[in-house]
$ cat work16.tsv   # TSV, C-alpha atoms
chain	number	residue	atom	x	y	z
A	1	MET	CA	13.15	-9.95	10.89
A	2	ARG	CA	13.91	-10.39	7.20
A	3	ILE	CA	13.99	-13.90	5.84
A	4	PRO	CA	16.19	-14.05	2.77
A	5	PHE	CA	15.02	-15.93	-0.27
A	6	VAL	CA	17.34	-18.80	-1.02
A	7	SER	CA	17.16	-20.31	-4.47
A	8	LEU	CA	17.80	-24.01	-4.94
A	9	THR	CA	20.88	-23.27	-7.02
A	10	ASP	CA	22.47	-21.51	-4.02
A	11	ARG	CA	22.20	-24.56	-1.76
A	12	ASN	CA	24.13	-27.79	-1.91
A	13	THR	CA	22.18	-31.05	-2.16
A	14	THR	CA	22.66	-32.09	1.49
A	15	ASP	CA	21.32	-28.72	2.58
A	16	LEU	CA	18.06	-29.34	0.69
A	17	LEU	CA	16.77	-31.49	3.54
A	18	THR	CA	17.21	-28.72	6.11
A	19	PRO	CA	13.85	-27.08	6.86
A	20	ARG	CA	13.75	-23.42	5.89
A	21	PRO	CA	11.35	-20.68	7.01
A	22	GLU	CA	8.91	-19.47	4.40
A	23	PRO	CA	10.10	-16.55	2.28
A	24	VAL	CA	8.74	-13.10	3.11
A	25	SER	CA	6.62	-13.16	-0.04
A	26	LEU	CA	4.44	-15.89	1.45
A	27	LEU	CA	3.44	-13.84	4.50
A	28	LEU	CA	-0.08	-12.50	4.43
A	29	ALA	CA	-0.18	-9.05	2.92
A	30	SER	CA	-2.13	-7.61	5.82
A	31	ALA	CA	0.49	-8.85	8.28
A	32	ARG	CA	3.21	-7.34	6.10
A	33	ILE	CA	1.43	-3.98	6.01
A	34	GLU	CA	1.06	-4.09	9.79
A	35	ARG	CA	4.78	-4.81	10.03
A	36	LEU	CA	5.48	-1.77	7.84
A	37	CYS	CA	3.62	0.42	10.33
A	38	LYS	CA	5.55	-0.81	13.38
A	39	PRO	CA	9.01	0.70	12.73
A	40	PHE	CA	7.50	4.17	12.85
A	41	ASN	CA	6.15	3.48	16.32
A	42	ARG	CA	9.60	2.77	17.80
A	43	ILE	CA	10.06	6.50	18.20
A	44	PRO	CA	8.20	7.68	21.35
A	45	TYR	CA	5.44	9.05	19.14
A	46	ASP	CA	5.49	8.70	15.42
A	47	TRP	CA	2.29	9.58	13.68
A	48	ARG	CA	3.06	7.90	10.35
A	49	GLY	CA	2.32	4.35	11.52
A	50	ASP	CA	-0.94	5.50	13.12
A	51	THR	CA	-1.90	7.38	9.95
A	52	LEU	CA	-1.29	4.30	7.78
A	53	ARG	CA	-3.42	2.19	10.15
A	54	ARG	CA	-6.30	4.70	10.00
A	55	ILE	CA	-6.09	4.90	6.19
A	56	ARG	CA	-6.07	1.11	5.99
A	57	ALA	CA	-9.20	0.91	8.16
A	58	LEU	CA	-10.99	3.52	6.03
A	59	ILE	CA	-10.11	1.65	2.82
A	60	GLN	CA	-11.30	-1.68	4.24
A	61	ALA	CA	-14.55	-0.10	5.45
A	62	ALA	CA	-15.21	1.54	2.08
A	63	LEU	CA	-14.39	-1.55	0.02
A	64	PRO	CA	-14.40	-4.82	2.02
A	65	THR	CA	-13.21	-6.81	-1.03
A	66	VAL	CA	-10.00	-4.78	-1.34
A	67	GLN	CA	-6.79	-6.76	-1.74
A	68	GLU	CA	-3.74	-5.63	0.17
A	69	SER	CA	-0.15	-6.21	-0.83
A	70	VAL	CA	3.32	-4.84	-0.28
A	71	LYS	CA	5.23	-4.03	-3.46
A	72	TRP	CA	8.62	-2.71	-4.43
A	73	ALA	CA	10.43	-4.12	-1.38
A	74	LYS	CA	14.21	-4.16	-1.63
A	75	ALA	CA	17.22	-4.23	0.65
A	76	GLY	CA	16.96	-0.60	1.75
A	77	SER	CA	13.17	-0.39	1.83
A	78	PRO	CA	10.52	-2.61	3.43
A	79	GLY	CA	8.18	-1.86	0.52
A	80	VAL	CA	5.04	0.17	-0.05
A	81	PRO	CA	1.52	-0.80	1.06
A	82	VAL	CA	-0.73	-1.17	-1.99
A	83	TRP	CA	-4.51	-1.57	-2.08
A	84	GLU	CA	-5.99	-3.17	-5.18
A	85	HIS	CA	-9.33	-3.96	-6.79
A	86	ALA	CA	-9.15	-4.82	-10.50
A	87	GLY	CA	-5.87	-2.88	-10.46
A	88	ILE	CA	-4.13	-0.54	-8.04
A	89	LEU	CA	-6.49	1.76	-6.14
A	90	CYS	CA	-3.82	3.58	-4.18
A	91	THR	CA	-0.47	3.28	-2.47
A	92	GLY	CA	0.47	4.54	0.99
A	93	GLU	CA	3.99	5.89	1.27
A	94	PRO	CA	5.31	7.25	4.57
A	95	HIS	CA	7.66	10.19	4.04
A	96	ALA	CA	9.41	12.42	6.56
A	97	ARG	CA	6.77	15.18	6.54
A	98	ALA	CA	3.68	13.40	5.23
A	99	VAL	CA	2.03	10.12	4.37
A	100	LYS	CA	1.36	10.21	0.63
A	101	LEU	CA	-1.60	8.33	-0.82
A	102	THR	CA	-1.11	8.04	-4.58
A	103	PHE	CA	-4.00	7.14	-6.89
A	104	PRO	CA	-2.69	5.96	-10.29
A	105	ARG	CA	-5.97	6.91	-12.03
A	106	GLY	CA	-6.65	9.89	-9.80
A	107	ALA	CA	-6.96	12.49	-12.57
A	108	SER	CA	-10.04	10.70	-13.92
A	109	LEU	CA	-11.77	10.40	-10.53
A	110	PRO	CA	-14.41	12.79	-9.21
A	111	ASP	CA	-13.16	14.70	-6.16
A	112	PRO	CA	-15.97	17.02	-5.04
A	113	ALA	CA	-14.52	17.25	-1.50
A	114	GLY	CA	-11.12	18.38	-2.83
A	115	LEU	CA	-9.12	15.64	-1.13
A	116	PHE	CA	-6.38	15.60	-3.76
A	117	ASN	CA	-3.72	18.10	-2.75
A	118	ALA	CA	-0.56	16.79	-4.46
A	119	SER	CA	0.57	15.77	-7.95
A	120	LEU	CA	-2.16	17.99	-9.38
A	121	ASP	CA	-0.25	18.78	-12.57
A	122	GLY	CA	-0.11	15.19	-13.82
A	123	LYS	CA	-2.39	13.92	-16.55
A	124	VAL	CA	-3.09	10.56	-14.91
A	125	ARG	CA	-2.26	10.29	-11.22
A	126	ARG	CA	-3.21	12.36	-8.17
A	127	ALA	CA	-2.14	12.17	-4.55
A	128	ILE	CA	-3.22	13.13	-1.07
A	129	ASP	CA	-0.48	14.31	1.29
A	130	LEU	CA	-1.36	13.91	4.96
A	131	PRO	CA	1.02	15.81	7.25
A	132	GLU	CA	1.09	15.08	10.96
A	133	GLU	CA	-1.96	17.01	12.18
A	134	ALA	CA	-4.04	16.51	9.02
A	135	THR	CA	-7.64	15.40	9.15
A	136	LEU	CA	-9.31	13.40	6.42
A	137	ASP	CA	-13.02	13.30	5.66
A	138	GLY	CA	-13.70	9.57	5.99
A	139	ALA	CA	-16.94	9.63	3.98
A	140	ALA	CA	-15.38	11.55	1.09
A	141	PHE	CA	-12.32	9.28	1.17
A	142	GLY	CA	-14.59	6.22	1.05
A	143	ASP	CA	-16.36	7.69	-1.99
A	144	LEU	CA	-12.97	8.24	-3.64
A	145	ILE	CA	-11.92	4.62	-2.98
A	146	ARG	CA	-15.19	3.30	-4.44
A	147	ALA	CA	-14.80	5.59	-7.47
A	148	ALA	CA	-11.24	4.31	-8.00
A	149	ALA	CA	-12.52	0.71	-7.82
A	150	ALA	CA	-15.25	1.47	-10.36
A	151	ALA	CA	-12.71	3.12	-12.70
A	152	ASN	CA	-10.44	0.07	-12.45
A	153	GLU	CA	-13.38	-2.24	-13.21
A	154	ARG	CA	-14.30	-0.18	-16.29
A	155	ALA	CA	-10.70	-0.22	-17.52
A	156	GLN	CA	-10.47	-3.97	-16.95
A	157	ALA	CA	-13.74	-4.56	-18.85
A	158	ALA	CA	-12.49	-2.40	-21.72
A	159	ARG	CA	-9.25	-4.41	-21.92
A	160	LYS	CA	-11.20	-7.69	-21.99
A	161	SER	CA	-13.55	-6.51	-24.73
A	162	ARG	CA	-10.70	-5.77	-27.16

$ encode --input "work16.tsv" --output "structure tokens"
Amino acid sequence: MRIPFVSLTDRNTTDLLTPRPEPVSLLLASARIERLCKPFNRIPYDWRGDTLRRIRALIQAALPTVQESVKWAKAGSPGVPVWEHAGILCTGEPHARAVKLTFPRGASLPDPAGLFNASLDGKVRRAIDLPEEATLDGAAFGDLIRAAAAANERAQAARKSR
């Protein structure tokens, strides 16, 4: 259920006393991410929602202080799950053939396990595409998440020192 945002200028003064539900933006991010996973599970078996849930659990296990949010929501799209720590760590985008995990600073991160398999030509970002039957090394992924958090912390410290 989408709750539209109603600005005060769109309502007449007698309507101001009518209680309104909270806008979507006030929902907890984790609940919003869980809601993003559910539409994929309406189909008898859709692996994308399950994949997003497993990725979310791996990220939370690797970095318990991670902040979750949903960004870039608009009328035709429920938004994209985003995990942050001193900046964006990664996004999780469900596509028709894969769930894409995009790391904005991925090109600067160590990847000894070779998890990055998409957007390899870019100078800054890297991505991991997970098709339906894909497996992901949880330990290596956790290392990648922690490395992304450390890179964000270094970049944040560098910005503050200027």

$ closest_residue --input "work16.tsv" --among "A:Ala134, A:Val124, A:Ala140, A:Ile59" --to "Arg97 of chain A" --atoms "only C-alpha atoms"
A:Ala134

$ closest_residue --input "work16.tsv" --among "A:Ser108, A:Ser161, A:Arg154, A:Phe141" --to "Leu120 of chain A" --atoms "all atoms listed in the file"
A:Ser108

$ residues_around --input "work16.tsv" --residues "Leu115 of chain A" --least-positions-apart "3" --cutoff "9 Å" --atoms "all atoms listed in the file" --output "ChimeraX atom specification"
/A:111-112,127-128,136-137,140-141,144

$ write_last_selection --input "work16.tsv" --atoms "C-alpha atoms" --output "PDB file, keeping the file's coordinate frame"
ATOM      1  CA  ASP A 111     -13.160  14.700  -6.160  1.00  0.00           C
ATOM      2  CA  PRO A 112     -15.970  17.020  -5.040  1.00  0.00           C
ATOM      3  CA  ALA A 127      -2.140  12.170  -4.550  1.00  0.00           C
ATOM      4  CA  ILE A 128      -3.220  13.130  -1.070  1.00  0.00           C
ATOM      5  CA  LEU A 136      -9.310  13.400   6.420  1.00  0.00           C
ATOM      6  CA  ASP A 137     -13.020  13.300   5.660  1.00  0.00           C
ATOM      7  CA  ALA A 140     -15.380  11.550   1.090  1.00  0.00           C
ATOM      8  CA  PHE A 141     -12.320   9.280   1.170  1.00  0.00           C
ATOM      9  CA  LEU A 144     -12.970   8.240  -3.640  1.00  0.00           C
TER      10      LEU A 144
END

$ closest_residue --input "work16.tsv" --among "A:Arg162, A:Gln60, A:Leu130, A:Ala139" --to "Ala96 of chain A" --atoms "only C-alpha atoms"
A:Leu130

$ atom_distance --input "work16.tsv" --atom1 "atom CA of Leu101 of chain A" --atom2 "atom CA of Ala118 of chain A"
9.3 Å

$ closest_residue --input "work16.tsv" --among "A:Gly122, A:Gly114, A:Gly79, A:Gly49" --to "Val99 of chain A" --atoms "only C-alpha atoms"
A:Gly49

$ closest_residue --input "work16.tsv" --among "A:Arg105, A:Arg146, A:Ala157, A:Asn152" --to "Gly87 of chain A" --atoms "all atoms listed in the file"
A:Asn152

$ residues_around --input "work16.tsv" --residues "Val80 of chain A" --least-positions-apart "6" --cutoff "9 Å" --atoms "only C-alpha atoms" --output "list in words"
Ile33, Leu36, Ser69, Val70, Lys71, Trp72, Ala73, Thr91, Gly92, Glu93 and Pro94 of chain A

$ atom_distance --input "work16.tsv" --atom1 "atom CA of Arg54 of chain A" --atom2 "atom CA of Glu84 of chain A"
17.1 Å

$ residues_near_point --input "work16.tsv" --point "(-3.7, 15.3, 16.7)" --cutoff "12 Å" --atoms "all atoms listed in the file" --output "PyMOL selection string"
chain A and resi 45-48+50-51+131-136

$ atom_distance --input "work16.tsv" --atom1 "atom CA of Arg159 of chain A" --atom2 "atom CA of Arg125 of chain A"
19.5 Å
